>>> print(open('coords.cif').read())   # mmCIF, C-alpha atoms
data_target
#
loop_
_atom_site.label_atom_id
_atom_site.label_comp_id
_atom_site.auth_asym_id
_atom_site.auth_seq_id
_atom_site.Cartn_x
_atom_site.Cartn_y
_atom_site.Cartn_z
CA MET A 1 91.29 -198.90 23.35
CA ARG A 2 91.84 -202.40 21.89
CA ILE A 3 94.81 -204.08 20.18
CA ALA A 4 94.09 -205.45 16.70
CA GLY A 5 96.59 -208.30 17.11
CA ARG A 6 100.24 -209.01 17.84
CA GLY A 7 102.44 -206.84 15.71
CA ALA A 8 99.44 -204.95 14.36
CA SER A 9 98.78 -201.27 14.79
CA VAL A 10 96.78 -200.01 17.73
CA VAL A 11 93.12 -199.37 16.84
CA LYS A 12 91.40 -196.74 18.94
CA THR A 13 87.70 -197.10 19.56
CA THR A 14 85.61 -194.36 21.08
CA ALA A 15 82.53 -195.29 23.06
CA PRO A 16 79.39 -193.41 21.94
CA SER A 17 78.27 -190.72 24.36
CA ARG A 18 75.16 -189.23 22.69
CA ALA A 19 71.85 -190.85 21.80
CA ILE A 20 68.96 -189.80 19.59
CA GLY A 21 65.75 -191.52 20.65
CA TYR A 22 63.02 -192.64 18.25
CA VAL A 23 59.59 -193.93 19.32
CA ARG A 24 56.65 -194.89 17.09
CA VAL A 25 53.05 -196.06 17.32
CA SER A 26 50.92 -197.14 14.40
CA THR A 27 47.37 -195.82 14.84
CA ASP A 28 45.71 -192.44 15.25
CA GLN A 29 44.14 -193.61 18.52
CA GLN A 30 47.53 -194.56 19.95
CA ALA A 31 49.04 -191.30 18.71
CA GLU A 32 46.34 -189.17 20.29
CA SER A 33 46.06 -191.08 23.55
CA GLY A 34 49.78 -191.67 24.05
CA LEU A 35 49.29 -195.43 24.41
CA GLY A 36 52.62 -197.10 23.87
CA LEU A 37 54.64 -193.92 23.52
CA GLU A 38 55.29 -193.41 27.23
CA ALA A 39 56.42 -197.03 27.65
CA GLN A 40 58.78 -196.72 24.69
CA GLU A 41 60.23 -193.44 25.93
CA ALA A 42 60.77 -194.97 29.37
CA ALA A 43 62.58 -197.94 27.80
CA VAL A 44 64.75 -195.66 25.66
CA HIS A 45 65.74 -193.42 28.58
CA SER A 46 66.43 -196.43 30.80
CA ALA A 47 68.70 -197.91 28.13
CA ALA A 48 70.49 -194.57 27.70
CA SER A 49 71.16 -194.46 31.43
CA ARG A 50 72.39 -198.07 31.44
CA LEU A 51 74.69 -197.42 28.50
CA ARG A 52 75.83 -194.07 29.94
CA LEU A 53 74.54 -192.13 26.95
CA THR A 54 73.28 -188.57 27.02
CA MET A 55 69.84 -188.25 25.43
CA ALA A 56 70.15 -185.35 22.99
CA ARG A 57 66.57 -185.57 21.69
CA THR A 58 63.70 -188.02 21.26
CA PHE A 59 61.68 -188.04 18.04
CA VAL A 60 58.03 -189.09 18.45
CA ASP A 61 56.34 -190.64 15.42
CA GLY A 62 52.60 -190.95 16.09
CA GLY A 63 50.13 -192.70 13.82
CA THR A 64 52.75 -194.09 11.45
CA SER A 65 52.72 -197.67 10.18
CA GLY A 66 55.95 -199.61 10.25
CA LYS A 67 55.20 -201.06 6.80
CA LEU A 68 55.62 -197.70 5.06
CA GLY A 69 58.61 -197.05 2.85
CA ILE A 70 61.30 -194.73 4.19
CA GLU A 71 60.16 -191.94 1.84
CA ASP A 72 56.91 -191.86 3.85
CA ARG A 73 58.68 -191.76 7.22
CA PRO A 74 59.70 -188.08 7.60
CA VAL A 75 60.05 -188.21 11.40
CA LEU A 76 62.35 -191.23 11.22
CA LEU A 77 64.42 -189.52 8.53
CA GLU A 78 64.65 -186.40 10.73
CA ALA A 79 65.93 -188.58 13.58
CA VAL A 80 68.57 -190.08 11.29
CA ALA A 81 69.55 -186.62 10.03
CA ALA A 82 70.10 -185.49 13.64
CA LEU A 83 72.78 -188.14 14.17
CA ARG A 84 76.43 -187.17 14.38
CA ARG A 85 79.47 -189.42 14.05
CA GLY A 86 79.67 -191.73 17.07
CA ASP A 87 75.99 -191.24 18.00
CA VAL A 88 73.42 -193.94 18.68
CA LEU A 89 69.87 -194.12 17.31
CA LEU A 90 68.14 -195.61 20.34
CA VAL A 91 64.81 -197.46 19.95
CA ALA A 92 62.73 -199.53 22.36
CA LYS A 93 62.61 -202.43 19.88
CA ARG A 94 63.86 -202.92 16.33
CA ASP A 95 60.34 -203.17 14.92
CA ARG A 96 59.86 -199.49 15.84
CA ILE A 97 62.23 -198.70 12.94
CA GLY A 98 59.94 -200.67 10.65
CA ARG A 99 58.39 -204.00 9.83
CA ASP A 100 59.82 -204.32 6.35
CA VAL A 101 63.20 -206.04 6.11
CA ILE A 102 64.41 -203.97 3.17
CA ALA A 103 63.29 -200.65 4.69
CA VAL A 104 65.00 -201.47 8.00
CA ALA A 105 68.21 -202.40 6.16
CA MET A 106 68.09 -199.10 4.27
CA ILE A 107 67.65 -197.12 7.48
CA GLU A 108 70.56 -198.95 9.09
CA ARG A 109 72.66 -198.14 6.04
CA LEU A 110 71.76 -194.44 6.31
CA VAL A 111 72.63 -194.49 10.03
CA ALA A 112 75.96 -196.20 9.31
CA LYS A 113 76.82 -193.63 6.62
CA ARG A 114 76.52 -190.94 9.30
CA GLY A 115 79.03 -192.82 11.45
CA ALA A 116 76.35 -193.87 13.95
CA ARG A 117 74.64 -197.12 14.89
CA VAL A 118 71.20 -198.42 15.90
CA ILE A 119 70.79 -199.86 19.38
CA SER A 120 67.63 -201.49 20.70
CA ALA A 121 66.75 -201.13 24.38
CA ALA A 122 65.65 -204.78 24.18
CA GLY A 123 69.08 -205.88 22.93
CA GLU A 124 68.10 -207.94 19.88
CA GLY A 125 71.67 -208.38 18.67
CA THR A 126 72.39 -204.66 18.41
CA GLU A 127 75.16 -204.66 21.01
CA SER A 128 77.85 -205.71 18.51
CA ASP A 129 78.55 -206.24 14.82
CA ASP A 130 79.99 -209.73 15.16
CA PRO A 131 78.43 -212.47 12.94
CA ALA A 132 76.12 -213.70 15.71
CA GLY A 133 74.80 -210.18 16.35
CA VAL A 134 74.19 -209.49 12.67
CA LEU A 135 72.39 -212.83 12.26
CA MET A 136 70.21 -212.11 15.30
CA ARG A 137 69.20 -208.72 13.88
CA ARG A 138 68.32 -210.17 10.49
CA LEU A 139 66.22 -212.93 12.07
CA ILE A 140 64.35 -210.45 14.27
CA ASP A 141 63.65 -208.18 11.30
CA SER A 142 62.38 -211.13 9.24
CA PHE A 143 60.07 -212.35 12.00
CA SER A 144 58.73 -208.79 12.52
CA GLU A 145 57.81 -208.61 8.84
CA TYR A 146 56.28 -212.10 8.94
CA GLU A 147 54.21 -211.13 12.00
CA ARG A 148 52.97 -208.00 10.20
CA LEU A 149 51.95 -210.03 7.14
CA ILE A 150 50.11 -212.62 9.25
CA ILE A 151 48.25 -209.92 11.22
CA SER A 152 47.34 -208.12 8.01
CA ALA A 153 46.00 -211.30 6.41
CA ARG A 154 43.93 -212.20 9.47
CA THR A 155 42.55 -208.65 9.71
CA ARG A 156 41.52 -208.62 6.05
CA ALA A 157 39.79 -211.99 6.44
CA ALA A 158 37.94 -210.88 9.58
CA LEU A 159 36.79 -207.61 7.99
CA ALA A 160 35.64 -209.40 4.86
CA ALA A 161 33.58 -211.80 6.99
CA LYS A 162 32.00 -208.86 8.85
CA ARG A 163 31.13 -207.12 5.60
CA ARG A 164 29.50 -210.27 4.25
CA ARG A 165 27.35 -210.37 7.38
CA GLY A 166 26.51 -206.68 6.96
CA GLU A 167 28.24 -205.74 10.24
CA ARG A 168 30.09 -202.53 11.03
CA VAL A 169 33.82 -203.19 10.62
CA SER A 170 35.22 -200.62 13.06
CA ARG A 171 34.49 -199.16 16.48
CA PHE A 172 35.20 -195.75 14.98
CA ALA A 173 33.20 -194.05 12.26
CA PRO A 174 35.35 -192.83 9.35
CA TYR A 175 36.29 -189.17 9.47
CA GLY A 176 33.40 -187.14 8.04
CA TYR A 177 30.77 -189.53 9.39
CA ARG A 178 29.04 -190.37 12.64
CA LEU A 179 27.08 -193.42 13.75
CA ALA A 180 23.36 -192.99 13.34
CA THR A 181 21.02 -193.49 16.27
CA ASP A 182 20.60 -197.17 15.39
CA GLY A 183 24.28 -197.68 16.29
CA ARG A 184 24.99 -199.50 13.03
CA THR A 185 24.66 -197.25 10.02
CA LEU A 186 26.69 -194.14 9.19
CA GLU A 187 25.49 -190.64 8.49
CA ALA A 188 27.44 -187.63 7.23
CA HIS A 189 28.93 -185.25 9.79
CA ALA A 190 28.93 -181.81 8.16
CA PRO A 191 31.78 -180.11 10.16
CA GLU A 192 34.21 -182.98 9.57
CA ALA A 193 33.17 -183.30 5.94
CA ALA A 194 33.91 -179.60 5.47
CA THR A 195 37.32 -179.98 7.15
CA LEU A 196 38.18 -182.94 4.93
CA ALA A 197 37.16 -180.96 1.84
CA THR A 198 39.44 -178.10 2.97
CA ILE A 199 42.36 -180.49 3.48
CA GLN A 200 41.87 -181.98 0.01
CA ARG A 201 41.67 -178.52 -1.57
CA LEU A 202 44.85 -177.31 0.14
CA ARG A 203 46.69 -180.47 -0.86
CA ALA A 204 45.54 -180.05 -4.47
CA GLU A 205 46.97 -176.51 -4.33
CA GLY A 206 50.36 -177.99 -3.49
CA ARG A 207 50.49 -177.34 0.27
CA SER A 208 52.69 -179.65 2.32
CA LEU A 209 51.18 -181.84 5.03
CA ARG A 210 52.83 -179.71 7.72
CA ALA A 211 51.55 -176.49 6.15
CA ILE A 212 48.00 -177.87 6.09
CA ALA A 213 48.22 -178.89 9.75
CA GLU A 214 49.53 -175.45 10.70
CA GLU A 215 46.73 -173.72 8.79
CA LEU A 216 44.06 -175.84 10.48
CA ASN A 217 45.55 -175.08 13.89
CA ALA A 218 45.72 -171.37 13.10
CA ALA A 219 42.05 -171.42 12.07
CA GLY A 220 41.09 -173.12 15.33
CA VAL A 221 39.78 -176.25 13.60
CA PRO A 222 39.84 -179.12 16.12
CA THR A 223 40.71 -182.74 15.46
CA ARG A 224 38.15 -185.32 16.48
CA ALA A 225 40.11 -185.86 19.70
CA ARG A 226 40.34 -182.07 20.30
CA THR A 227 44.13 -182.18 19.97
CA PRO A 228 46.32 -180.00 17.71
CA TRP A 229 46.66 -181.09 14.11
CA ARG A 230 49.86 -182.87 13.11
CA PHE A 231 51.02 -183.75 9.63
CA GLU A 232 50.47 -187.45 10.38
CA TYR A 233 46.75 -186.87 10.96
CA VAL A 234 46.45 -184.92 7.71
CA ARG A 235 48.29 -187.64 5.80
CA ASN A 236 46.12 -190.40 7.25
CA LEU A 237 42.89 -188.56 6.42
CA LEU A 238 43.99 -188.03 2.84
CA ARG A 239 44.87 -191.70 2.50
CA GLY A 240 41.57 -192.76 4.02
CA ALA A 241 39.65 -190.48 1.67
CA ALA A 242 41.53 -191.88 -1.30
#
>>> encode(input="coords.cif", output="structure tokens")
Amino acid sequence: MRIAGRGASVVKTTAPSRAIGYVRVSTDQQAESGLGLEAQEAAVHSAASRLRLTMARTFVDGGTSGKLGIEDRPVLLEAVAALRRGDVLLVAKRDRIGRDVIAVAMIERLVAKRGARVISAAGEGTESDDPAGVLMRRLIDSFSEYERLIISARTRAALAAKRRRGERVSRFAPYGYRLATDGRTLEAHAPEAATLATIQRLRAEGRSLRAIAEELNAAGVPTRARTPWRFEYVRNLLRGAA
């Protein structure tokens, strides 16, 4: 409990006791191998213990870019929807929410409307809502977006240079293809091409990403990494094909 000021009414504050965790990695390879996810989950659980919060659930968002708009972040929206008044959305770092300043602000607004708050295990000004804390958060969000833009620009320039030299631009062949025996050129891979055609047909019929993933799993169709299909993989394949 704290006193608002001399002669003022008593303002009761209740410390949060429940946390919803959210962890995210950007690429299919990270999503399938678990790289980055375990470290984030460890950071989130350590912060929950330090803050004396009970972890109600942790939402894992694999293969999702932080530059996407919130309408393309269903797992993050599910995490927000799971929040109750007084809860905390606990992340390892603020850039896990996103790397777009406007999108992050919108998510924070949605969290606040549910009577909850975002806390970063790394601190980053999320411990309070005083002016210094708010400024720190805004600066961190801005630098995260700037870093994303710089990385994107450098990547595009490097790939363009490789293409001009006629070099392969990725260690991984696109889905539906395999590297030929010369180790440089691509050749069609019939099983993956057939799977991609099935995904495109089901999507054209109006199936949701989750429904497509469930149908592929039910049919025993493996992913390239021999892991179960998830809606993120389906979405990424459709975007790559487009």
>>> atom_distance(input="coords.cif", atom1="CA of Ser26 (chain A)", atom2="CA of Ala197 (chain A)")
24.7 Å
>>> resolve_selection(input="coords.cif", expression="the PyMOL selection byres ((chain A and resi 79) around 12)", output="JSON, numbers by chain")
{"A": [19, 20, 21, 22, 23, 24, 56, 57, 58, 59, 60, 61, 73, 74, 75, 76, 77, 78, 80, 81, 82, 83, 84, 87, 88, 89, 90, 91, 97, 107, 110, 111, 114, 116, 118]}
>>> write_last_selection(input="coords.cif", atoms="C-alpha atoms", output="mmCIF file, keeping the file's coordinate frame")
data_model
loop_
_atom_site.group_PDB
_atom_site.id
_atom_site.type_symbol
_atom_site.label_atom_id
_atom_site.label_comp_id
_atom_site.auth_asym_id
_atom_site.auth_seq_id
_atom_site.Cartn_x
_atom_site.Cartn_y
_atom_site.Cartn_z
ATOM 1 C CA ALA A 19 71.850 -190.850 21.800
ATOM 2 C CA ILE A 20 68.960 -189.800 19.590
ATOM 3 C CA GLY A 21 65.750 -191.520 20.650
ATOM 4 C CA TYR A 22 63.020 -192.640 18.250
ATOM 5 C CA VAL A 23 59.590 -193.930 19.320
ATOM 6 C CA ARG A 24 56.650 -194.890 17.090
ATOM 7 C CA ALA A 56 70.150 -185.350 22.990
ATOM 8 C CA ARG A 57 66.570 -185.570 21.690
ATOM 9 C CA THR A 58 63.700 -188.020 21.260
ATOM 10 C CA PHE A 59 61.680 -188.040 18.040
ATOM 11 C CA VAL A 60 58.030 -189.090 18.450
ATOM 12 C CA ASP A 61 56.340 -190.640 15.420
ATOM 13 C CA ARG A 73 58.680 -191.760 7.220
ATOM 14 C CA PRO A 74 59.700 -188.080 7.600
ATOM 15 C CA VAL A 75 60.050 -188.210 11.400
ATOM 16 C CA LEU A 76 62.350 -191.230 11.220
ATOM 17 C CA LEU A 77 64.420 -189.520 8.530
ATOM 18 C CA GLU A 78 64.650 -186.400 10.730
ATOM 19 C CA VAL A 80 68.570 -190.080 11.290
ATOM 20 C CA ALA A 81 69.550 -186.620 10.030
ATOM 21 C CA ALA A 82 70.100 -185.490 13.640
ATOM 22 C CA LEU A 83 72.780 -188.140 14.170
ATOM 23 C CA ARG A 84 76.430 -187.170 14.380
ATOM 24 C CA ASP A 87 75.990 -191.240 18.000
ATOM 25 C CA VAL A 88 73.420 -193.940 18.680
ATOM 26 C CA LEU A 89 69.870 -194.120 17.310
ATOM 27 C CA LEU A 90 68.140 -195.610 20.340
ATOM 28 C CA VAL A 91 64.810 -197.460 19.950
ATOM 29 C CA ILE A 97 62.230 -198.700 12.940
ATOM 30 C CA ILE A 107 67.650 -197.120 7.480
ATOM 31 C CA LEU A 110 71.760 -194.440 6.310
ATOM 32 C CA VAL A 111 72.630 -194.490 10.030
ATOM 33 C CA ARG A 114 76.520 -190.940 9.300
ATOM 34 C CA ALA A 116 76.350 -193.870 13.950
ATOM 35 C CA VAL A 118 71.200 -198.420 15.900
#
>>> residues_around(input="coords.cif", residues="Lys67 (chain A)", least_positions_apart="5", cutoff="7 Å", atoms="all atoms listed in the file", output="PyMOL selection string")
chain A and resi 98-100
>>> atom_distance(input="coords.cif", atom1="CA of Pro191 (chain A)", atom2="CA of Asn236 (chain A)")
17.9 Å
>>> closest_residue(input="coords.cif", among="A:Arg230, A:Arg239, A:Arg201, A:Arg109", to="Glu214 (chain A)", atoms="all atoms listed in the file")
A:Arg230
>>> closest_residue(input="coords.cif", among="A:Ser65, A:Asp72, A:Val25, A:Glu215", to="Trp229 (chain A)", atoms="all atoms listed in the file")
A:Glu215
>>> closest_residue(input="coords.cif", among="A:Arg224, A:Ala241, A:Glu38, A:Ser17", to="Arg52 (chain A)", atoms="all atoms listed in the file")
A:Ser17
>>> closest_residue(input="coords.cif", among="A:Ala173, A:Ala211, A:Ala39, A:Leu216", to="Thr195 (chain A)", atoms="all atoms listed in the file")
A:Leu216
>>> closest_residue(input="coords.cif", among="A:Thr64, A:Thr181, A:Ser49, A:Gln40", to="Phe231 (chain A)", atoms="all atoms listed in the file")
A:Thr64
